[in-house]
Structures are given as structure tokens and as C-alpha cells.
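What follows is a short report on a single structure.
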Amino acid sequence: MLEEPRSGRLAAWGNALYAGAVSPDEAALEAVADDAVHRVGNLPGEEGPVGLTLALGRLRSLGATGLRVALPVPGHPLGLTGPPDFNSRALEAGEAVLVCGARLGLVPRVDSAGPEGDRRVEVRWECAEVREAPPADVPSLGEAERELADALRDATAALTRLDVAGSGPVARAALEAYQARAEAGRQLLAPGYPPRAVRVLELAQRVAAVVAIAREPEHGGAVSASEMAARGELLRPVERVARRAQVAAYNAYAEEWERRNS
């Protein structure tokens, strides 16, 4: 996962708004980022789709205290709480936002049009009811940080034996290009998040980048079907750890709010 998930941007800047660290317009602008427009449909109290500024305010009036992220994949409903219909739609999208205090969730539908390099991307977040339950398999920040350190060390050693993921110049160049894009004018997370969450997300995104690069056949020497299968077996648990850590980082604001108010 080389690109920041839209659910992560929405949760981070929505939480910054609820913390009083940014204005509604700034939160919406940062959440939309390079997309053309984001709208929210099926929002209680609204007759039709509305923009993010209005949607974030409406959610707060419905009881929202914070936003959480879910990044599910088949066999791993990371961050979800149910019901099955919502989980199914979140799994299809690969991400979702859960609204703490309002028993609501948002799943993005992305539409794009236009030529490569000049695409207009519109996102519609569909709102639906969710269960009030602990999100699936989300670690604490401390657990996520320890898991990432272990996963990165073990994966680097194993993948070096297969001659992939940073062991070759092509892979290193790809990782450096990713890092340059990631660092160019980008603010990781949003105001109000603890420094540890920023640190965990930064490392998680780096690990996710290594995994994505290592999956490409041209990066490294593993070319046969059996070697590619071995590479996949090594990468799968590392990718899982990186996703868990990203969710833990994005959810740190909501976790801290709940601790303070429990």
C-alpha cells in the first residue's frame, strides 16, 4: 500500500476537527487532498449527498466523538465491527471509517474519468449503521511498534536470501523514489495526534512500501513460480503487520479520547 488510504486521511483530519485543532473547511480540504470532490450519502438527517464539511458537522451532532479506520482484506476483517453487510462492502472497498459514538460507518466508492495523468476522481462515502463493538484485531500503538520492528528485521533477512526487497539496486531505487514522493510537502497524520502515532505510521508505511516493491517480479532475482510463491509467503505476514500498525496509528486519537473519558 504505497498510497495513503482515503479512510486514513478522512479519519485523521476529522479527528483533528473534533479536537478543535483545525477548522471544518481545513479538515475537509485535507481529507479530499488531490481528489476532485468527496460527498457523503445516506447520512441521517440529510435528504441527499452532502460535502465533507457539512457531513463532519452532522456526524458530530449525531454524537461522533472520533473516527476510526478499518483496512480489511479477505480473511482479515481488520478494524471492523459488523454487521456482515457493512463488513462486506468495506472488504470490497478495502477500507472504511467507523464513527465513534454514533454507531455509523462510511465506505468509499471511487469514480474516476479522464486520461492518465489528468483524471478527475470523485469519492462518495456511503453511510450505514455499524455494531458497537471492539474493532477486530487492532493492536495498541506499543504492540504495533514492536511488531513492525520484528517484522522488518525478519523480512529483510529472509528477502535478502531470495535477492529481493532492497537487496538489489532496482528495488532500492524504487524505495527511494517512494520515500521522495512521500516526503514531498506531506504532513503525516494531522494536528492533535501523539508523536508515537506519527512514528508508527511512518514506519508502517515504509514497511508497506517495501512489501509492495518486493511483490514486483522485476525487483530482485526471484523469477520462477516457486520462488515467487516463497516470496509471497514471506511477505504476507509482514503486510498484515503493516496494515495493523497503520490502523493503530490512525485510531490513536479515538483510543486516547476513550481512555480519557472512560
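Quick note on naming: the chains in the C-alpha cells go A, B, ... in the order shown, residues restart at 1 in each chain, and ligands are numbered from 1 in order of appearance.
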- A:Arg60 environment, 9 Å, only C-alpha atoms, sequence neighbours closer than 6 positions dropped, as a list of chain:residue names: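 Skipping anything fewer than 6 positions along the chain leaves A:Tyr18, A:Gly66, A:Gly101, A:Ala102.
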Kindly assemble as CSV a list of the stretch 111-162 of chain A residues that lie within 12 Å of stretch 254-258 of chain A, each paired with its nearest atom pair and their distance in Å to one decimal, using only C-alpha atoms, sorted first by chain and then by ascending residue number.
residue,atom,partner,partner_atom,distance
A:Pro134,CA,A:Glu255,CA,11.0
A:Pro135,CA,A:Glu255,CA,11.2
A:Val138,CA,A:Glu255,CA,10.7
A:Pro139,CA,A:Glu255,CA,10.8
A:Ser140,CA,A:Glu255,CA,8.8
A:Leu141,CA,A:Glu255,CA,9.8
- Query: Looking at A:Gly75, A:Gly105, A:Pro115, A:Pro195, which one is nearest to A:Ala11, with distances taken over only C-alpha atoms?
  - Reply: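 Using only C-alpha atoms, the shortest distance to A:Ala11 belongs to A:Gly105.
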- Item | Gap from atom CA of A:Val22 to atom CA of A:Ala190 - Å, one decimal | 9.0 Å
Please provide the set of residues having any atom within 12 Å of A:Ala144, restricted to only C-alpha atoms, with same-chain residues fewer than 2 positions apart removed, written as a PDB file with N, CA and C atoms, in the first residue's frame.
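The file below, selection-v7.pdb, is the result:
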ATOM      1  N   ASP A 137      -9.034  -7.023  15.769  1.00  0.00           N
ATOM      2  CA  ASP A 137      -7.597  -7.237  15.615  1.00  0.00           C
ATOM      3  C   ASP A 137      -6.757  -5.969  15.555  1.00  0.00           C
ATOM      4  N   VAL A 138      -7.198  -4.890  16.197  1.00  0.00           N
ATOM      5  CA  VAL A 138      -6.418  -3.650  16.181  1.00  0.00           C
ATOM      6  C   VAL A 138      -5.499  -3.624  17.401  1.00  0.00           C
ATOM      7  N   PRO A 139      -4.180  -3.528  17.197  1.00  0.00           N
ATOM      8  CA  PRO A 139      -3.249  -3.521  18.330  1.00  0.00           C
ATOM      9  C   PRO A 139      -3.122  -2.132  18.937  1.00  0.00           C
ATOM     10  N   SER A 140      -2.510  -2.075  20.111  1.00  0.00           N
ATOM     11  CA  SER A 140      -2.147  -0.781  20.679  1.00  0.00           C
ATOM     12  C   SER A 140      -0.946  -0.232  19.908  1.00  0.00           C
ATOM     13  N   LEU A 141      -0.662   1.051  20.102  1.00  0.00           N
ATOM     14  CA  LEU A 141       0.496   1.644  19.422  1.00  0.00           C
ATOM     15  C   LEU A 141       1.790   0.939  19.827  1.00  0.00           C
ATOM     16  N   GLY A 142       1.903   0.611  21.112  1.00  0.00           N
ATOM     17  CA  GLY A 142       3.111  -0.070  21.575  1.00  0.00           C
ATOM     18  C   GLY A 142       3.279  -1.429  20.934  1.00  0.00           C
ATOM     19  N   ARG A 146       6.348  -2.616  18.229  1.00  0.00           N
ATOM     20  CA  ARG A 146       7.197  -3.794  18.429  1.00  0.00           C
ATOM     21  C   ARG A 146       7.045  -4.783  17.278  1.00  0.00           C
ATOM     22  N   GLU A 147       5.810  -5.004  16.832  1.00  0.00           N
ATOM     23  CA  GLU A 147       5.577  -5.928  15.717  1.00  0.00           C
ATOM     24  C   GLU A 147       6.279  -5.452  14.451  1.00  0.00           C
ATOM     25  N   LEU A 148       6.230  -4.152  14.189  1.00  0.00           N
ATOM     26  CA  LEU A 148       6.866  -3.611  12.993  1.00  0.00           C
ATOM     27  C   LEU A 148       8.372  -3.811  13.015  1.00  0.00           C
ATOM     28  N   ALA A 149       8.982  -3.544  14.152  1.00  0.00           N
ATOM     29  CA  ALA A 149      10.432  -3.705  14.257  1.00  0.00           C
ATOM     30  C   ALA A 149      10.833  -5.146  14.006  1.00  0.00           C
ATOM     31  N   ASP A 150      10.106  -6.089  14.607  1.00  0.00           N
ATOM     32  CA  ASP A 150      10.408  -7.505  14.405  1.00  0.00           C
ATOM     33  C   ASP A 150      10.163  -7.930  12.962  1.00  0.00           C
ATOM     34  N   ALA A 151       9.040  -7.483  12.391  1.00  0.00           N
ATOM     35  CA  ALA A 151       8.693  -7.879  11.026  1.00  0.00           C
ATOM     36  C   ALA A 151       9.692  -7.344  10.021  1.00  0.00           C
ATOM     37  N   LEU A 152      10.106  -6.103  10.205  1.00  0.00           N
ATOM     38  CA  LEU A 152      11.052  -5.508   9.262  1.00  0.00           C
ATOM     39  C   LEU A 152      12.397  -6.219   9.331  1.00  0.00           C
ATOM     40  N   ARG A 196       4.053   9.404  18.971  1.00  0.00           N
ATOM     41  CA  ARG A 196       4.256   7.970  18.763  1.00  0.00           C
ATOM     42  C   ARG A 196       3.415   7.453  17.609  1.00  0.00           C
ATOM     43  N   ALA A 197       2.203   7.986  17.451  1.00  0.00           N
ATOM     44  CA  ALA A 197       1.351   7.569  16.337  1.00  0.00           C
ATOM     45  C   ALA A 197       1.986   7.955  15.004  1.00  0.00           C
ATOM     46  N   ARG A 199       5.185   8.304  14.448  1.00  0.00           N
ATOM     47  CA  ARG A 199       6.337   7.414  14.270  1.00  0.00           C
ATOM     48  C   ARG A 199       5.903   6.029  13.789  1.00  0.00           C
ATOM     49  N   VAL A 200       4.850   5.502  14.379  1.00  0.00           N
ATOM     50  CA  VAL A 200       4.362   4.177  13.990  1.00  0.00           C
ATOM     51  C   VAL A 200       3.840   4.202  12.558  1.00  0.00           C
ATOM     52  N   LEU A 201       3.095   5.246  12.186  1.00  0.00           N
ATOM     53  CA  LEU A 201       2.558   5.310  10.826  1.00  0.00           C
ATOM     54  C   LEU A 201       3.682   5.448   9.808  1.00  0.00           C
ATOM     55  N   GLU A 202       4.684   6.235  10.116  1.00  0.00           N
ATOM     56  CA  GLU A 202       5.808   6.407   9.201  1.00  0.00           C
ATOM     57  C   GLU A 202       6.508   5.071   8.953  1.00  0.00           C
ATOM     58  N   LEU A 203       6.767   4.309  10.016  1.00  0.00           N
ATOM     59  CA  LEU A 203       7.427   3.017   9.851  1.00  0.00           C
ATOM     60  C   LEU A 203       6.507   2.026   9.144  1.00  0.00           C
ATOM     61  N   ALA A 204       5.215   2.053   9.466  1.00  0.00           N
ATOM     62  CA  ALA A 204       4.263   1.142   8.826  1.00  0.00           C
ATOM     63  C   ALA A 204       4.190   1.399   7.326  1.00  0.00           C
ATOM     64  N   VAL A 238       4.147  -9.943   6.877  1.00  0.00           N
ATOM     65  CA  VAL A 238       4.726  -8.610   7.019  1.00  0.00           C
ATOM     66  C   VAL A 238       3.697  -7.553   6.611  1.00  0.00           C
ATOM     67  N   ARG A 240       0.526  -7.884   6.723  1.00  0.00           N
ATOM     68  CA  ARG A 240      -0.521  -7.876   7.760  1.00  0.00           C
ATOM     69  C   ARG A 240      -0.095  -6.998   8.936  1.00  0.00           C
ATOM     70  N   VAL A 241       1.144  -7.129   9.361  1.00  0.00           N
ATOM     71  CA  VAL A 241       1.656  -6.312  10.462  1.00  0.00           C
ATOM     72  C   VAL A 241       1.614  -4.833  10.090  1.00  0.00           C
ATOM     73  N   ALA A 242       1.992  -4.499   8.850  1.00  0.00           N
ATOM     74  CA  ALA A 242       1.993  -3.098   8.419  1.00  0.00           C
ATOM     75  C   ALA A 242       0.580  -2.520   8.413  1.00  0.00           C
ATOM     76  N   ARG A 243      -0.389  -3.295   7.956  1.00  0.00           N
ATOM     77  CA  ARG A 243      -1.768  -2.804   7.966  1.00  0.00           C
ATOM     78  C   ARG A 243      -2.271  -2.604   9.395  1.00  0.00           C
ATOM     79  N   ARG A 244      -1.979  -3.576  10.274  1.00  0.00           N
ATOM     80  CA  ARG A 244      -2.399  -3.440  11.666  1.00  0.00           C
ATOM     81  C   ARG A 244      -1.808  -2.167  12.295  1.00  0.00           C
ATOM     82  N   ALA A 245      -0.551  -1.896  11.983  1.00  0.00           N
ATOM     83  CA  ALA A 245       0.105  -0.722  12.558  1.00  0.00           C
ATOM     84  C   ALA A 245      -0.488   0.568  12.009  1.00  0.00           C
ATOM     85  N   GLN A 246      -0.811   0.595  10.718  1.00  0.00           N
ATOM     86  CA  GLN A 246      -1.434   1.794  10.158  1.00  0.00           C
ATOM     87  C   GLN A 246      -2.769   2.080  10.851  1.00  0.00           C
ATOM     88  N   VAL A 247      -3.566   1.049  11.039  1.00  0.00           N
ATOM     89  CA  VAL A 247      -4.852   1.236  11.704  1.00  0.00           C
ATOM     90  C   VAL A 247      -4.645   1.714  13.137  1.00  0.00           C
ATOM     91  N   ALA A 248      -3.683   1.141  13.837  1.00  0.00           N
ATOM     92  CA  ALA A 248      -3.403   1.565  15.211  1.00  0.00           C
ATOM     93  C   ALA A 248      -3.014   3.041  15.261  1.00  0.00           C
ATOM     94  N   ALA A 249      -2.220   3.489  14.277  1.00  0.00           N
ATOM     95  CA  ALA A 249      -1.789   4.890  14.260  1.00  0.00           C
ATOM     96  C   ALA A 249      -2.961   5.825  13.983  1.00  0.00           C
ATOM     97  N   TYR A 250      -3.750   5.516  12.952  1.00  0.00           N
ATOM     98  CA  TYR A 250      -4.895   6.371  12.625  1.00  0.00           C
ATOM     99  C   TYR A 250      -5.918   6.404  13.759  1.00  0.00           C
ATOM    100  N   ASN A 251      -6.044   5.300  14.492  1.00  0.00           N
ATOM    101  CA  ASN A 251      -7.050   5.202  15.547  1.00  0.00           C
ATOM    102  C   ASN A 251      -6.566   5.721  16.892  1.00  0.00           C
ATOM    103  N   ALA A 252      -5.329   6.217  16.947  1.00  0.00           N
ATOM    104  CA  ALA A 252      -4.756   6.631  18.227  1.00  0.00           C
ATOM    105  C   ALA A 252      -5.550   7.761  18.869  1.00  0.00           C
TER     106      ALA A 252
END
- Minimum-distance residue to A:Leu91, chosen among A:Gly8, A:Gly48, A:Gly117, A:Pro77 (using only C-alpha atoms): A:Pro77
- Within 9 Å of A:Pro24, counting only C-alpha atoms, which residues qualify if same-chain residues fewer than 4 places away don't, as a VMD selection string? chain A and resid 14 17 28 to 29 52 to 54 56 to 57
I need the chosen residues saved as a PDB file, in the first residue's frame, with N, CA and C atoms.
ATOM      1  N   GLY A  14     -10.638  14.485  10.285  1.00  0.00           N
ATOM      2  CA  GLY A  14     -11.884  14.575  11.030  1.00  0.00           C
ATOM      3  C   GLY A  14     -11.623  14.612  12.523  1.00  0.00           C
ATOM      4  N   LEU A  17     -10.380  17.961  13.531  1.00  0.00           N
ATOM      5  CA  LEU A  17     -11.506  18.889  13.659  1.00  0.00           C
ATOM      6  C   LEU A  17     -12.210  18.708  14.994  1.00  0.00           C
ATOM      7  N   ALA A  28     -11.883  19.310   5.755  1.00  0.00           N
ATOM      8  CA  ALA A  28     -12.437  18.783   4.514  1.00  0.00           C
ATOM      9  C   ALA A  28     -11.435  18.894   3.373  1.00  0.00           C
ATOM     10  N   LEU A  29     -10.737  20.018   3.283  1.00  0.00           N
ATOM     11  CA  LEU A  29      -9.761  20.232   2.214  1.00  0.00           C
ATOM     12  C   LEU A  29      -8.636  19.203   2.289  1.00  0.00           C
ATOM     13  N   LEU A  52     -18.097  17.162   2.566  1.00  0.00           N
ATOM     14  CA  LEU A  52     -17.456  16.715   3.802  1.00  0.00           C
ATOM     15  C   LEU A  52     -17.602  17.715   4.942  1.00  0.00           C
ATOM     16  N   THR A  53     -17.545  18.993   4.636  1.00  0.00           N
ATOM     17  CA  THR A  53     -17.655  19.983   5.712  1.00  0.00           C
ATOM     18  C   THR A  53     -18.972  19.815   6.457  1.00  0.00           C
ATOM     19  N   LEU A  54     -20.056  19.735   5.709  1.00  0.00           N
ATOM     20  CA  LEU A  54     -21.369  19.547   6.325  1.00  0.00           C
ATOM     21  C   LEU A  54     -21.472  18.167   6.969  1.00  0.00           C
ATOM     22  N   LEU A  56     -19.138  16.185   8.292  1.00  0.00           N
ATOM     23  CA  LEU A  56     -18.409  16.074   9.554  1.00  0.00           C
ATOM     24  C   LEU A  56     -19.161  16.779  10.678  1.00  0.00           C
ATOM     25  N   GLY A  57     -19.766  17.924  10.360  1.00  0.00           N
ATOM     26  CA  GLY A  57     -20.569  18.609  11.364  1.00  0.00           C
ATOM     27  C   GLY A  57     -21.814  17.823  11.739  1.00  0.00           C
TER      28      GLY A  57
END
- Query: Which residue, A:Pro83, A:Ser224, A:Arg119, A:Ala64, has the smallest gap to A:Ala19 when you use only C-alpha atoms?
  - Reply: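 That would be A:Ala64, the residue with the smallest distance to A:Ala19.
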